[in-house]
Amino acid sequence: QVQLVESGGGLVQAGGSLSLSCAATGNRFSINAMAWYRRAPGKQRELVASITKDSSTNYADSVKGRFTISRDNAKNTVYLQMNSLKPEDTAVYYCNARTLFTNDWGQGTQVTVSS
């Protein structure tokens with residue numbers, strides 16, 4: 001099982017920026033895709049952005065052009081740079097990591113964007 005430790009998040013005004021990071025430890029197998037999901041109050045969890053081991057990325061339409069996902073394979077760490085934040089970005093953000101055999105989640109970190 002992969003342990004995922006998230007950091008970053010917090011409270012920011014609309015238009016501001018925040019950065020999230022997630023470090024993976026304990027993996028016996030190579031981590032393939034890493035991703036950030038979020039769950040807003042009263043809504044289902046949704047994919048925000050994902051990145052493969054060779055750095056191919058995918059973004060939700062709602063964050064394209066504002067968020068950037070990146071990863072450091074040597075550190076097994078994934079980052080999410082969030083710019084031009086909007087109140088509708090308010091959610092708990094979860095890190096996800098997949099190996100060939102496992103699919104693990106972080107504990108979540110709160111991002112709150114005030115208007």
# chains A, B, ... in the order shown; residues from 1 in each chain; ligands from 1
>>> residues_around(residues="A:Phe101", least_positions_apart="4", cutoff="12 Å", atoms="only C-alpha atoms", output="PyMOL selection string")
chain A and resi 1-2+27-32+97
>>> select_by_dssp(residues="chain A", states="helix (DSSP H, G or I)", output="number ranges by chain")
A: 61-63, 87-89
>>> residues_around(residues="stretch 11-18 of chain A", least_positions_apart="5", cutoff="10 Å", atoms="only C-alpha atoms", output="PDB file with N, CA, C and O atoms, in the first residue's frame")
ATOM      1  N   ARG A  66      -5.708  27.299 -15.703  1.00  0.00           N
ATOM      2  CA  ARG A  66      -5.526  27.895 -14.380  1.00  0.00           C
ATOM      3  C   ARG A  66      -4.681  27.009 -13.467  1.00  0.00           C
ATOM      4  O   ARG A  66      -3.919  27.506 -12.647  1.00  0.00           O
ATOM      5  N   PHE A  67      -4.839  25.699 -13.604  1.00  0.00           N
ATOM      6  CA  PHE A  67      -4.112  24.751 -12.753  1.00  0.00           C
ATOM      7  C   PHE A  67      -3.034  24.048 -13.567  1.00  0.00           C
ATOM      8  O   PHE A  67      -3.214  23.784 -14.760  1.00  0.00           O
ATOM      9  N   LEU A  80       0.355  20.400  -7.492  1.00  0.00           N
ATOM     10  CA  LEU A  80      -0.738  21.074  -8.193  1.00  0.00           C
ATOM     11  C   LEU A  80      -0.635  22.564  -7.912  1.00  0.00           C
ATOM     12  O   LEU A  80      -0.827  22.996  -6.780  1.00  0.00           O
ATOM     13  N   GLN A  81      -0.290  23.304  -8.937  1.00  0.00           N
ATOM     14  CA  GLN A  81      -0.245  24.755  -8.826  1.00  0.00           C
ATOM     15  C   GLN A  81      -1.589  25.300  -9.281  1.00  0.00           C
ATOM     16  O   GLN A  81      -2.017  25.029 -10.407  1.00  0.00           O
ATOM     17  N   MET A  82      -2.242  26.038  -8.409  1.00  0.00           N
ATOM     18  CA  MET A  82      -3.580  26.547  -8.688  1.00  0.00           C
ATOM     19  C   MET A  82      -3.539  28.068  -8.728  1.00  0.00           C
ATOM     20  O   MET A  82      -3.234  28.703  -7.714  1.00  0.00           O
ATOM     21  N   ASN A  83      -3.820  28.620  -9.885  1.00  0.00           N
ATOM     22  CA  ASN A  83      -3.830  30.070 -10.068  1.00  0.00           C
ATOM     23  C   ASN A  83      -5.244  30.541 -10.408  1.00  0.00           C
ATOM     24  O   ASN A  83      -6.098  29.742 -10.784  1.00  0.00           O
ATOM     25  N   SER A  84      -5.452  31.823 -10.290  1.00  0.00           N
ATOM     26  CA  SER A  84      -6.752  32.426 -10.614  1.00  0.00           C
ATOM     27  C   SER A  84      -7.890  31.655  -9.974  1.00  0.00           C
ATOM     28  O   SER A  84      -8.891  31.306 -10.613  1.00  0.00           O
ATOM     29  N   LEU A  85      -7.745  31.382  -8.702  1.00  0.00           N
ATOM     30  CA  LEU A  85      -8.729  30.571  -7.994  1.00  0.00           C
ATOM     31  C   LEU A  85     -10.076  31.260  -7.915  1.00  0.00           C
ATOM     32  O   LEU A  85     -10.162  32.496  -7.806  1.00  0.00           O
ATOM     33  N   LYS A  86     -11.120  30.443  -7.970  1.00  0.00           N
ATOM     34  CA  LYS A  86     -12.492  30.914  -7.922  1.00  0.00           C
ATOM     35  C   LYS A  86     -13.199  30.295  -6.708  1.00  0.00           C
ATOM     36  O   LYS A  86     -12.804  29.210  -6.258  1.00  0.00           O
ATOM     37  N   PRO A  87     -14.249  30.935  -6.233  1.00  0.00           N
ATOM     38  CA  PRO A  87     -14.987  30.335  -5.101  1.00  0.00           C
ATOM     39  C   PRO A  87     -15.449  28.907  -5.389  1.00  0.00           C
ATOM     40  O   PRO A  87     -15.483  28.076  -4.475  1.00  0.00           O
ATOM     41  N   GLU A  88     -15.763  28.617  -6.641  1.00  0.00           N
ATOM     42  CA  GLU A  88     -16.222  27.266  -6.983  1.00  0.00           C
ATOM     43  C   GLU A  88     -15.102  26.232  -6.950  1.00  0.00           C
ATOM     44  O   GLU A  88     -15.353  25.040  -7.106  1.00  0.00           O
ATOM     45  N   ASP A  89     -13.873  26.661  -6.734  1.00  0.00           N
ATOM     46  CA  ASP A  89     -12.768  25.714  -6.534  1.00  0.00           C
ATOM     47  C   ASP A  89     -12.701  25.229  -5.089  1.00  0.00           C
ATOM     48  O   ASP A  89     -11.903  24.336  -4.772  1.00  0.00           O
ATOM     49  N   THR A  90     -13.511  25.803  -4.224  1.00  0.00           N
ATOM     50  CA  THR A  90     -13.535  25.381  -2.833  1.00  0.00           C
ATOM     51  C   THR A  90     -13.926  23.921  -2.726  1.00  0.00           C
ATOM     52  O   THR A  90     -14.959  23.504  -3.253  1.00  0.00           O
ATOM     53  N   GLN A 110      -7.975  20.759   2.652  1.00  0.00           N
ATOM     54  CA  GLN A 110      -9.045  21.715   2.367  1.00  0.00           C
ATOM     55  C   GLN A 110      -8.496  22.929   1.622  1.00  0.00           C
ATOM     56  O   GLN A 110      -7.480  23.513   2.014  1.00  0.00           O
ATOM     57  N   VAL A 111      -9.185  23.294   0.572  1.00  0.00           N
ATOM     58  CA  VAL A 111      -8.920  24.545  -0.151  1.00  0.00           C
ATOM     59  C   VAL A 111     -10.202  25.365  -0.108  1.00  0.00           C
ATOM     60  O   VAL A 111     -11.261  24.891  -0.522  1.00  0.00           O
ATOM     61  N   THR A 112     -10.095  26.572   0.414  1.00  0.00           N
ATOM     62  CA  THR A 112     -11.245  27.448   0.506  1.00  0.00           C
ATOM     63  C   THR A 112     -10.924  28.758  -0.193  1.00  0.00           C
ATOM     64  O   THR A 112      -9.918  29.405   0.120  1.00  0.00           O
ATOM     65  N   VAL A 113     -11.774  29.139  -1.138  1.00  0.00           N
ATOM     66  CA  VAL A 113     -11.586  30.375  -1.892  1.00  0.00           C
ATOM     67  C   VAL A 113     -12.733  31.314  -1.547  1.00  0.00           C
ATOM     68  O   VAL A 113     -13.899  31.004  -1.807  1.00  0.00           O
ATOM     69  N   SER A 114     -12.394  32.437  -0.964  1.00  0.00           N
ATOM     70  CA  SER A 114     -13.419  33.403  -0.573  1.00  0.00           C
ATOM     71  C   SER A 114     -13.652  34.406  -1.703  1.00  0.00           C
ATOM     72  O   SER A 114     -12.737  34.747  -2.452  1.00  0.00           O
ATOM     73  N   SER A 115     -14.882  34.861  -1.790  1.00  0.00           N
ATOM     74  CA  SER A 115     -15.234  35.818  -2.855  1.00  0.00           C
ATOM     75  C   SER A 115     -15.027  37.247  -2.413  1.00  0.00           C
ATOM     76  O   SER A 115     -14.770  37.534  -1.253  1.00  0.00           O
TER      77      SER A 115
END
>>> select_by_dssp(residues="chain A", states="strand (DSSP E or B)", output="number ranges by chain")
A: 3-8, 10-13, 18-25, 34-39, 46-51, 57-59, 67-72, 77-82, 91-98, 103-105, 109-114
>>> atom_distance(atom1="atom CA of A:Asn58", atom2="atom CA of A:Gly26")
25.6 Å
>>> atom_distance(atom1="atom CA of A:Gly106", atom2="atom CA of A:Ala35")
10.6 Å
>>> atom_distance(atom1="atom CA of A:Gln107", atom2="atom CA of A:Tyr94")
6.6 Å
>>> decode(residues="stretch 8-33 of chain A", atoms="C-alpha atoms", output="PDB file, in the first residue's frame")
ATOM      1  CA  GLY A   8      -0.571  22.939   1.070  1.00  0.00           C
ATOM      2  CA  GLY A   9      -4.084  24.190   0.786  1.00  0.00           C
ATOM      3  CA  GLY A  10      -5.731  26.739   3.015  1.00  0.00           C
ATOM      4  CA  LEU A  11      -7.758  29.902   2.603  1.00  0.00           C
ATOM      5  CA  VAL A  12      -7.239  32.344  -0.252  1.00  0.00           C
ATOM      6  CA  GLN A  13      -9.187  35.154  -1.861  1.00  0.00           C
ATOM      7  CA  ALA A  14     -10.628  34.783  -5.323  1.00  0.00           C
ATOM      8  CA  GLY A  15      -7.975  35.404  -7.940  1.00  0.00           C
ATOM      9  CA  GLY A  16      -5.235  34.161  -5.682  1.00  0.00           C
ATOM     10  CA  SER A  17      -2.956  31.146  -5.919  1.00  0.00           C
ATOM     11  CA  LEU A  18      -2.228  28.052  -3.880  1.00  0.00           C
ATOM     12  CA  SER A  19       0.087  25.122  -4.309  1.00  0.00           C
ATOM     13  CA  LEU A  20      -0.507  21.542  -3.215  1.00  0.00           C
ATOM     14  CA  SER A  21       2.014  18.759  -2.958  1.00  0.00           C
ATOM     15  CA  CYS A  22       1.689  15.056  -2.284  1.00  0.00           C
ATOM     16  CA  ALA A  23       4.541  12.736  -1.428  1.00  0.00           C
ATOM     17  CA  ALA A  24       4.171   8.988  -1.891  1.00  0.00           C
ATOM     18  CA  THR A  25       6.070   6.511   0.251  1.00  0.00           C
ATOM     19  CA  GLY A  26       6.000   2.798   0.860  1.00  0.00           C
ATOM     20  CA  ASN A  27       5.346   1.767  -2.721  1.00  0.00           C
ATOM     21  CA  ARG A  28       6.689  -1.633  -3.666  1.00  0.00           C
ATOM     22  CA  PHE A  29       5.828  -1.079  -7.304  1.00  0.00           C
ATOM     23  CA  SER A  30       6.478   1.768  -9.663  1.00  0.00           C
ATOM     24  CA  ILE A  31       3.879   4.510  -9.437  1.00  0.00           C
ATOM     25  CA  ASN A  32       2.256   5.035 -12.788  1.00  0.00           C
ATOM     26  CA  ALA A  33      -0.412   7.732 -12.801  1.00  0.00           C
TER      27      ALA A  33
END
